[in-house]
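Engineer: Pasting protein.cif here (mmCIF, N, CA and C atoms):
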data_input
loop_
_atom_site.group_PDB
_atom_site.id
_atom_site.type_symbol
_atom_site.label_atom_id
_atom_site.label_comp_id
_atom_site.auth_asym_id
_atom_site.auth_seq_id
_atom_site.Cartn_x
_atom_site.Cartn_y
_atom_site.Cartn_z
ATOM 1 N N MET A 277 -5.843 15.596 36.408
ATOM 2 C CA MET A 277 -6.325 16.955 36.362
ATOM 3 C C MET A 277 -6.998 17.160 35.023
ATOM 4 N N SER A 278 -8.223 17.633 35.040
ATOM 5 C CA SER A 278 -8.928 17.918 33.801
ATOM 6 C C SER A 278 -9.607 19.260 33.927
ATOM 7 N N SER A 279 -9.832 19.883 32.798
ATOM 8 C CA SER A 279 -10.503 21.172 32.828
ATOM 9 C C SER A 279 -11.858 21.036 32.158
ATOM 10 N N ILE A 280 -12.740 21.936 32.505
ATOM 11 C CA ILE A 280 -14.097 21.893 31.973
ATOM 12 C C ILE A 280 -14.287 23.081 31.050
ATOM 13 N N ALA A 281 -14.779 22.808 29.868
ATOM 14 C CA ALA A 281 -15.089 23.876 28.926
ATOM 15 C C ALA A 281 -16.598 23.968 28.797
ATOM 16 N N VAL A 282 -17.125 25.168 28.883
ATOM 17 C CA VAL A 282 -18.558 25.379 28.725
ATOM 18 C C VAL A 282 -18.777 25.952 27.340
ATOM 19 N N ILE A 283 -19.538 25.239 26.539
ATOM 20 C CA ILE A 283 -19.762 25.618 25.152
ATOM 21 C C ILE A 283 -21.226 25.955 24.966
ATOM 22 N N PRO A 284 -21.532 27.185 24.524
ATOM 23 C CA PRO A 284 -22.941 27.513 24.296
ATOM 24 C C PRO A 284 -23.480 26.748 23.097
ATOM 25 N N THR A 285 -24.718 26.305 23.194
ATOM 26 C CA THR A 285 -25.355 25.635 22.069
ATOM 27 C C THR A 285 -26.329 26.602 21.430
ATOM 28 N N ALA A 286 -26.403 26.597 20.131
ATOM 29 C CA ALA A 286 -27.263 27.550 19.421
ATOM 30 C C ALA A 286 -28.369 26.814 18.678
ATOM 31 N N THR A 287 -29.463 27.492 18.486
ATOM 32 C CA THR A 287 -30.552 26.964 17.686
ATOM 33 C C THR A 287 -30.645 27.800 16.417
ATOM 34 N N LYS A 288 -31.382 27.320 15.436
ATOM 35 C CA LYS A 288 -31.498 28.046 14.182
ATOM 36 C C LYS A 288 -32.146 29.408 14.390
ATOM 37 N N GLY A 289 -31.471 30.449 13.946
ATOM 38 C CA GLY A 289 -32.029 31.778 13.941
ATOM 39 C C GLY A 289 -32.019 32.530 15.257
ATOM 40 N N ARG A 290 -31.761 31.852 16.379
ATOM 41 C CA ARG A 290 -31.702 32.562 17.645
ATOM 42 C C ARG A 290 -30.722 31.860 18.573
ATOM 43 N N GLN A 291 -30.303 32.584 19.564
ATOM 44 C CA GLN A 291 -29.336 32.035 20.496
ATOM 45 C C GLN A 291 -30.062 31.258 21.585
ATOM 46 N N CYS A 292 -29.530 30.111 21.927
ATOM 47 C CA CYS A 292 -30.135 29.260 22.944
ATOM 48 C C CYS A 292 -29.511 29.573 24.301
ATOM 49 N N ALA A 293 -30.295 29.525 25.348
ATOM 50 C CA ALA A 293 -29.809 29.844 26.688
ATOM 51 C C ALA A 293 -29.122 28.659 27.358
ATOM 52 N N THR A 294 -29.220 27.473 26.791
ATOM 53 C CA THR A 294 -28.616 26.314 27.439
ATOM 54 C C THR A 294 -27.128 26.247 27.132
ATOM 55 N N MET A 295 -26.388 25.623 28.023
ATOM 56 C CA MET A 295 -24.955 25.463 27.848
ATOM 57 C C MET A 295 -24.623 23.979 27.912
ATOM 58 N N THR A 296 -23.629 23.573 27.162
ATOM 59 C CA THR A 296 -23.153 22.205 27.175
ATOM 60 C C THR A 296 -21.785 22.185 27.836
ATOM 61 N N THR A 297 -21.580 21.269 28.760
ATOM 62 C CA THR A 297 -20.303 21.152 29.440
ATOM 63 C C THR A 297 -19.549 19.956 28.885
ATOM 64 N N THR A 298 -18.292 20.182 28.529
ATOM 65 C CA THR A 298 -17.457 19.093 28.030
ATOM 66 C C THR A 298 -16.192 19.019 28.859
ATOM 67 N N MET A 299 -15.667 17.842 29.017
ATOM 68 C CA MET A 299 -14.413 17.654 29.733
ATOM 69 C C MET A 299 -13.288 17.601 28.719
ATOM 70 N N THR A 300 -12.248 18.400 28.944
ATOM 71 C CA THR A 300 -11.092 18.377 28.062
ATOM 72 C C THR A 300 -9.877 17.956 28.863
ATOM 73 N N GLN A 301 -9.010 17.205 28.265
ATOM 74 C CA GLN A 301 -7.799 16.754 28.928
ATOM 75 C C GLN A 301 -6.767 17.876 28.910
ATOM 76 N N PRO A 302 -6.009 18.042 30.001
ATOM 77 C CA PRO A 302 -4.971 19.060 30.024
ATOM 78 C C PRO A 302 -3.824 18.654 29.103
ATOM 79 N N HIS A 303 -3.037 19.631 28.741
ATOM 80 C CA HIS A 303 -1.863 19.343 27.926
ATOM 81 C C HIS A 303 -0.888 18.538 28.770
ATOM 82 N N LEU A 304 -0.420 17.432 28.251
ATOM 83 C CA LEU A 304 0.515 16.597 28.989
ATOM 84 C C LEU A 304 1.928 17.011 28.624
ATOM 85 N N THR A 305 2.343 18.145 29.142
ATOM 86 C CA THR A 305 3.677 18.662 28.874
ATOM 87 C C THR A 305 4.424 18.779 30.180
ATOM 88 N N GLY A 306 5.665 19.197 30.083
ATOM 89 C CA GLY A 306 6.479 19.378 31.270
ATOM 90 C C GLY A 306 6.288 20.737 31.905
ATOM 91 N N ALA A 307 5.312 21.512 31.423
ATOM 92 C CA ALA A 307 5.098 22.849 31.952
ATOM 93 C C ALA A 307 3.613 23.127 32.117
ATOM 94 N N LEU A 308 3.312 24.019 33.059
ATOM 95 C CA LEU A 308 1.942 24.439 33.324
ATOM 96 C C LEU A 308 1.822 25.927 33.051
ATOM 97 N N THR A 309 0.711 26.346 32.491
ATOM 98 C CA THR A 309 0.428 27.768 32.419
ATOM 99 C C THR A 309 0.068 28.221 33.825
ATOM 100 N N ILE A 310 0.023 29.516 34.039
ATOM 101 C CA ILE A 310 -0.369 30.028 35.354
ATOM 102 C C ILE A 310 -1.759 29.520 35.724
ATOM 103 N N LYS A 311 -2.676 29.521 34.764
ATOM 104 C CA LYS A 311 -4.046 29.046 35.027
ATOM 105 C C LYS A 311 -4.043 27.566 35.411
ATOM 106 N N GLU A 312 -3.291 26.743 34.684
ATOM 107 C CA GLU A 312 -3.225 25.316 35.002
ATOM 108 C C GLU A 312 -2.601 25.091 36.375
ATOM 109 N N PHE A 313 -1.550 25.861 36.690
ATOM 110 C CA PHE A 313 -0.908 25.756 37.996
ATOM 111 C C PHE A 313 -1.903 26.109 39.104
ATOM 112 N N CYS A 314 -2.611 27.223 38.923
ATOM 113 C CA CYS A 314 -3.584 27.665 39.924
ATOM 114 C C CYS A 314 -4.713 26.650 40.101
ATOM 115 N N ASP A 315 -5.179 26.080 39.005
ATOM 116 C CA ASP A 315 -6.222 25.051 39.087
ATOM 117 C C ASP A 315 -5.709 23.811 39.813
ATOM 118 N N ALA A 316 -4.484 23.402 39.502
ATOM 119 C CA ALA A 316 -3.928 22.185 40.090
ATOM 120 C C ALA A 316 -3.667 22.328 41.586
ATOM 121 N N TYR A 317 -3.201 23.513 42.003
ATOM 122 C CA TYR A 317 -2.831 23.717 43.405
ATOM 123 C C TYR A 317 -3.844 24.553 44.171
ATOM 124 N N ARG A 318 -4.990 24.834 43.554
ATOM 125 C CA ARG A 318 -6.098 25.546 44.189
ATOM 126 C C ARG A 318 -5.666 26.913 44.736
ATOM 127 N N LEU A 319 -4.955 27.674 43.920
ATOM 128 C CA LEU A 319 -4.513 29.012 44.286
ATOM 129 C C LEU A 319 -5.155 30.033 43.368
ATOM 130 N N CYS A 320 -5.258 31.264 43.846
ATOM 131 C CA CYS A 320 -5.678 32.328 42.944
ATOM 132 C C CYS A 320 -4.447 32.807 42.178
ATOM 133 N N ARG A 321 -4.689 33.466 41.077
ATOM 134 C CA ARG A 321 -3.620 33.944 40.213
ATOM 135 C C ARG A 321 -2.661 34.882 40.946
ATOM 136 N N GLU A 322 -3.212 35.770 41.760
ATOM 137 C CA GLU A 322 -2.385 36.734 42.489
ATOM 138 C C GLU A 322 -1.420 36.020 43.432
ATOM 139 N N LYS A 323 -1.887 34.980 44.125
ATOM 140 C CA LYS A 323 -1.017 34.233 45.043
ATOM 141 C C LYS A 323 0.105 33.545 44.268
ATOM 142 N N ALA A 324 -0.190 33.024 43.099
ATOM 143 C CA ALA A 324 0.848 32.386 42.282
ATOM 144 C C ALA A 324 1.923 33.401 41.913
ATOM 145 N N TYR A 325 1.505 34.588 41.472
ATOM 146 C CA TYR A 325 2.482 35.617 41.120
ATOM 147 C C TYR A 325 3.235 36.128 42.348
ATOM 148 N N GLN A 326 2.600 36.162 43.519
ATOM 149 C CA GLN A 326 3.299 36.534 44.750
ATOM 150 C C GLN A 326 4.409 35.535 45.049
ATOM 151 N N GLU A 327 4.122 34.254 44.868
ATOM 152 C CA GLU A 327 5.130 33.220 45.101
ATOM 153 C C GLU A 327 6.292 33.357 44.118
ATOM 154 N N VAL A 328 5.997 33.723 42.883
ATOM 155 C CA VAL A 328 7.051 33.940 41.880
ATOM 156 C C VAL A 328 7.893 35.151 42.273
ATOM 157 N N ARG A 329 7.230 36.265 42.628
ATOM 158 C CA ARG A 329 7.966 37.483 43.006
ATOM 159 C C ARG A 329 8.828 37.268 44.247
ATOM 160 N N ALA A 330 8.362 36.433 45.178
ATOM 161 C CA ALA A 330 9.117 36.140 46.398
ATOM 162 C C ALA A 330 10.218 35.106 46.138
ATOM 163 N N ARG A 331 10.303 34.637 44.908
ATOM 164 C CA ARG A 331 11.310 33.646 44.483
ATOM 165 C C ARG A 331 11.163 32.299 45.186
ATOM 166 N N ARG A 332 9.956 32.009 45.651
ATOM 167 C CA ARG A 332 9.694 30.677 46.202
ATOM 168 C C ARG A 332 9.239 29.721 45.109
ATOM 169 N N LEU A 333 8.790 30.284 43.987
ATOM 170 C CA LEU A 333 8.314 29.508 42.848
ATOM 171 C C LEU A 333 9.001 30.035 41.599
ATOM 172 N N ARG A 334 9.590 29.144 40.835
ATOM 173 C CA ARG A 334 10.296 29.532 39.610
ATOM 174 C C ARG A 334 9.334 29.511 38.432
ATOM 175 N N ALA A 335 9.358 30.570 37.655
ATOM 176 C CA ALA A 335 8.542 30.659 36.441
ATOM 177 C C ALA A 335 9.448 31.045 35.284
ATOM 178 N N VAL A 336 9.069 30.639 34.090
ATOM 179 C CA VAL A 336 9.823 30.972 32.879
ATOM 180 C C VAL A 336 8.876 31.634 31.888
ATOM 181 N N LYS A 337 9.442 32.393 30.978
ATOM 182 C CA LYS A 337 8.657 33.046 29.940
ATOM 183 C C LYS A 337 8.961 32.389 28.601
ATOM 184 N N VAL A 338 7.909 32.140 27.842
ATOM 185 C CA VAL A 338 8.022 31.683 26.459
ATOM 186 C C VAL A 338 7.189 32.673 25.659
ATOM 187 N N GLY A 339 7.866 33.620 25.040
ATOM 188 C CA GLY A 339 7.144 34.702 24.391
ATOM 189 C C GLY A 339 6.420 35.508 25.455
ATOM 190 N N ARG A 340 5.123 35.655 25.314
ATOM 191 C CA ARG A 340 4.320 36.393 26.290
ATOM 192 C C ARG A 340 3.754 35.496 27.379
ATOM 193 N N LYS A 341 3.887 34.198 27.204
ATOM 194 C CA LYS A 341 3.288 33.233 28.133
ATOM 195 C C LYS A 341 4.217 32.944 29.310
ATOM 196 N N THR A 342 3.659 32.929 30.504
ATOM 197 C CA THR A 342 4.397 32.556 31.712
ATOM 198 C C THR A 342 4.102 31.096 32.008
ATOM 199 N N LEU A 343 5.150 30.313 32.162
ATOM 200 C CA LEU A 343 5.004 28.884 32.434
ATOM 201 C C LEU A 343 5.732 28.510 33.713
ATOM 202 N N ILE A 344 5.222 27.484 34.361
ATOM 203 C CA ILE A 344 5.864 26.912 35.534
ATOM 204 C C ILE A 344 6.151 25.455 35.204
ATOM 205 N N LEU A 345 7.417 25.094 35.259
ATOM 206 C CA LEU A 345 7.780 23.706 34.969
ATOM 207 C C LEU A 345 7.202 22.805 36.052
ATOM 208 N N ARG A 346 6.732 21.630 35.637
ATOM 209 C CA ARG A 346 6.127 20.706 36.608
ATOM 210 C C ARG A 346 7.082 20.374 37.742
ATOM 211 N N ALA A 347 8.348 20.191 37.414
ATOM 212 C CA ALA A 347 9.340 19.875 38.446
ATOM 213 C C ALA A 347 9.438 21.017 39.453
ATOM 214 N N ASP A 348 9.395 22.259 38.979
ATOM 215 C CA ASP A 348 9.446 23.418 39.878
ATOM 216 C C ASP A 348 8.183 23.507 40.728
ATOM 217 N N ALA A 349 7.033 23.170 40.156
ATOM 218 C CA ALA A 349 5.783 23.173 40.911
ATOM 219 C C ALA A 349 5.844 22.137 42.033
ATOM 220 N N GLU A 350 6.398 20.977 41.742
ATOM 221 C CA GLU A 350 6.501 19.927 42.749
ATOM 222 C C GLU A 350 7.472 20.311 43.863
ATOM 223 N N VAL A 351 8.595 20.958 43.507
ATOM 224 C CA VAL A 351 9.553 21.427 44.511
ATOM 225 C C VAL A 351 8.891 22.474 45.402
ATOM 226 N N TRP A 352 8.142 23.401 44.788
ATOM 227 C CA TRP A 352 7.434 24.430 45.552
ATOM 228 C C TRP A 352 6.445 23.786 46.529
ATOM 229 N N ALA A 353 5.652 22.830 46.043
ATOM 230 C CA ALA A 353 4.651 22.179 46.894
ATOM 231 C C ALA A 353 5.318 21.431 48.047
ATOM 232 N N ALA A 354 6.450 20.784 47.778
ATOM 233 C CA ALA A 354 7.150 20.039 48.825
ATOM 234 C C ALA A 354 7.764 20.972 49.867
ATOM 235 N N SER A 355 8.042 22.222 49.488
ATOM 236 C CA SER A 355 8.665 23.164 50.415
ATOM 237 C C SER A 355 7.659 23.878 51.311
ATOM 238 N N LEU A 356 6.378 23.693 51.083
ATOM 239 C CA LEU A 356 5.365 24.362 51.900
ATOM 240 C C LEU A 356 5.437 23.850 53.333
ATOM 241 N N PRO A 357 5.229 24.735 54.302
ATOM 242 C CA PRO A 357 5.310 24.301 55.703
ATOM 243 C C PRO A 357 4.156 23.373 56.065
ATOM 244 N N GLU A 358 4.445 22.492 56.978
ATOM 245 C CA GLU A 358 3.432 21.557 57.461
ATOM 246 C C GLU A 358 2.488 22.282 58.412
ATOM 247 N N LEU A 359 1.228 21.933 58.370
ATOM 248 C CA LEU A 359 0.238 22.517 59.264
ATOM 249 C C LEU A 359 0.445 21.950 60.663
ATOM 250 N N ARG A 360 0.593 22.842 61.618
ATOM 251 C CA ARG A 360 0.762 22.418 63.006
ATOM 252 C C ARG A 360 -0.390 22.955 63.815
ATOM 253 N N THR A 361 -0.934 22.133 64.676
ATOM 254 C CA THR A 361 -2.069 22.560 65.502
ATOM 255 C C THR A 361 -1.649 22.931 66.912
ATOM 256 N N ASP A 362 -0.380 22.821 67.265
ATOM 257 C CA ASP A 362 0.151 23.177 68.583
ATOM 258 C C ASP A 362 -0.576 22.473 69.720
ATOM 259 N N GLY A 363 -1.018 21.256 69.485
ATOM 260 C CA GLY A 363 -1.639 20.474 70.529
ATOM 261 C C GLY A 363 -3.079 20.839 70.842
ATOM 262 N N ARG A 364 -3.556 21.913 70.248
ATOM 263 C CA ARG A 364 -4.949 22.296 70.478
ATOM 264 C C ARG A 364 -5.857 21.467 69.601
ATOM 265 N N GLU A 365 -6.928 20.993 70.178
ATOM 266 C CA GLU A 365 -7.893 20.237 69.397
ATOM 267 C C GLU A 365 -8.967 21.169 68.896
ATOM 268 N N GLN A 366 -9.436 20.896 67.706
ATOM 269 C CA GLN A 366 -10.496 21.703 67.134
ATOM 270 C C GLN A 366 -11.832 21.194 67.631
ATOM 271 N N ALA A 367 -12.770 22.108 67.804
ATOM 272 C CA ALA A 367 -14.106 21.718 68.215
ATOM 273 C C ALA A 367 -14.779 20.988 67.065
ATOM 274 N N SER A 368 -15.442 19.902 67.367
ATOM 275 C CA SER A 368 -16.128 19.159 66.305
ATOM 276 C C SER A 368 -17.476 19.775 66.055
ATOM 277 N N ALA A 369 -17.890 19.692 64.823
ATOM 278 C CA ALA A 369 -19.168 20.322 64.429
ATOM 279 C C ALA A 369 -20.325 19.406 64.679
#
Using structure tokens, write down the structure from this file.

Structural biologist:
Amino acid sequence: MSSIAVIPTATKGRQCATMTTTMTQPHLTGALTIKEFCDAYRLCREKAYQEVRARRLRAVKVGRKTLILRADAEVWAASLPELRTDGREQASA
């Protein structure tokens, strides 16, 4: 998992309209911020907080920051229901 940082580039005396994209490595810790969790599991922030409020996902606070331990994220992901198609086949495109 990697995140992308967009850094504006400037020219002398005026602002440049071009942007430079750099790849940054995520923090290799035992915890994820809400943003890192959402990026990793492709969820919006509101859905992550809904899962926390419903007590399906455990979150901890460190000061003002909300963190999700990697182990808790993995338990949450493993507990998600399996997709069932009930024997119906989908139409192919």

Engineer: Could you tell me which residues the PyMOL selection byres ((chain A and resi 333) around 8) returns for this structure, as a list of chain:residue names?

Structural biologist: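 Matching residues under the PyMOL selection byres ((chain A and resi 333) around 8) are A:Ala324, A:Gln326, A:Glu327, A:Val328, A:Arg329, A:Ala330, A:Arg331, A:Arg332, A:Arg334, A:Ala335, A:Val336, A:Ile344, A:Asp348, A:Ala349, A:Val351, A:Trp352, A:Ala353.
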
Engineer: Could you check how far atom C of Gly306 of chain A sits from atom N of Glu350 of chain A, in Å to one decimal?

Structural biologist: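 Computing it gives 9.8 Å between the two atoms.
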
Engineer: Name the residues that the PyMOL selection byres ((chain A and resi 309-314) around 8) pulls out of this structure, and write them as a VMD selection string.

Structural biologist: chain A and resid 306 to 308 315 to 321 324 to 325 341 to 345 349

Engineer: Select from segment 309-364 of chain A everything DSSP, run on the backbone, classes as strand (DSSP E), then give the selection as a list in words.

Structural biologist: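 Here is the list: Thr309, Val336, Lys337, Val338, Lys341, Thr342, Leu343, Ile344 and Leu345 of chain A.
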
Engineer: Report, as lines of an AutoDock Vina configuration file, the centre and edge lengths in Å (one decimal) of the axis-aligned box enclosing every listed atom of segment 320-325 of chain A, padded by 4 Å on each side.

Structural biologist:
center_x = -1.2
center_y = 34.0
center_z = 42.6
size_x = 16.9
size_y = 13.5
size_z = 12.8

Engineer: Interatomic distance between atom CA of Ala347 of chain A and atom CA of Arg360 of chain A?

Structural biologist: 26.1 Å
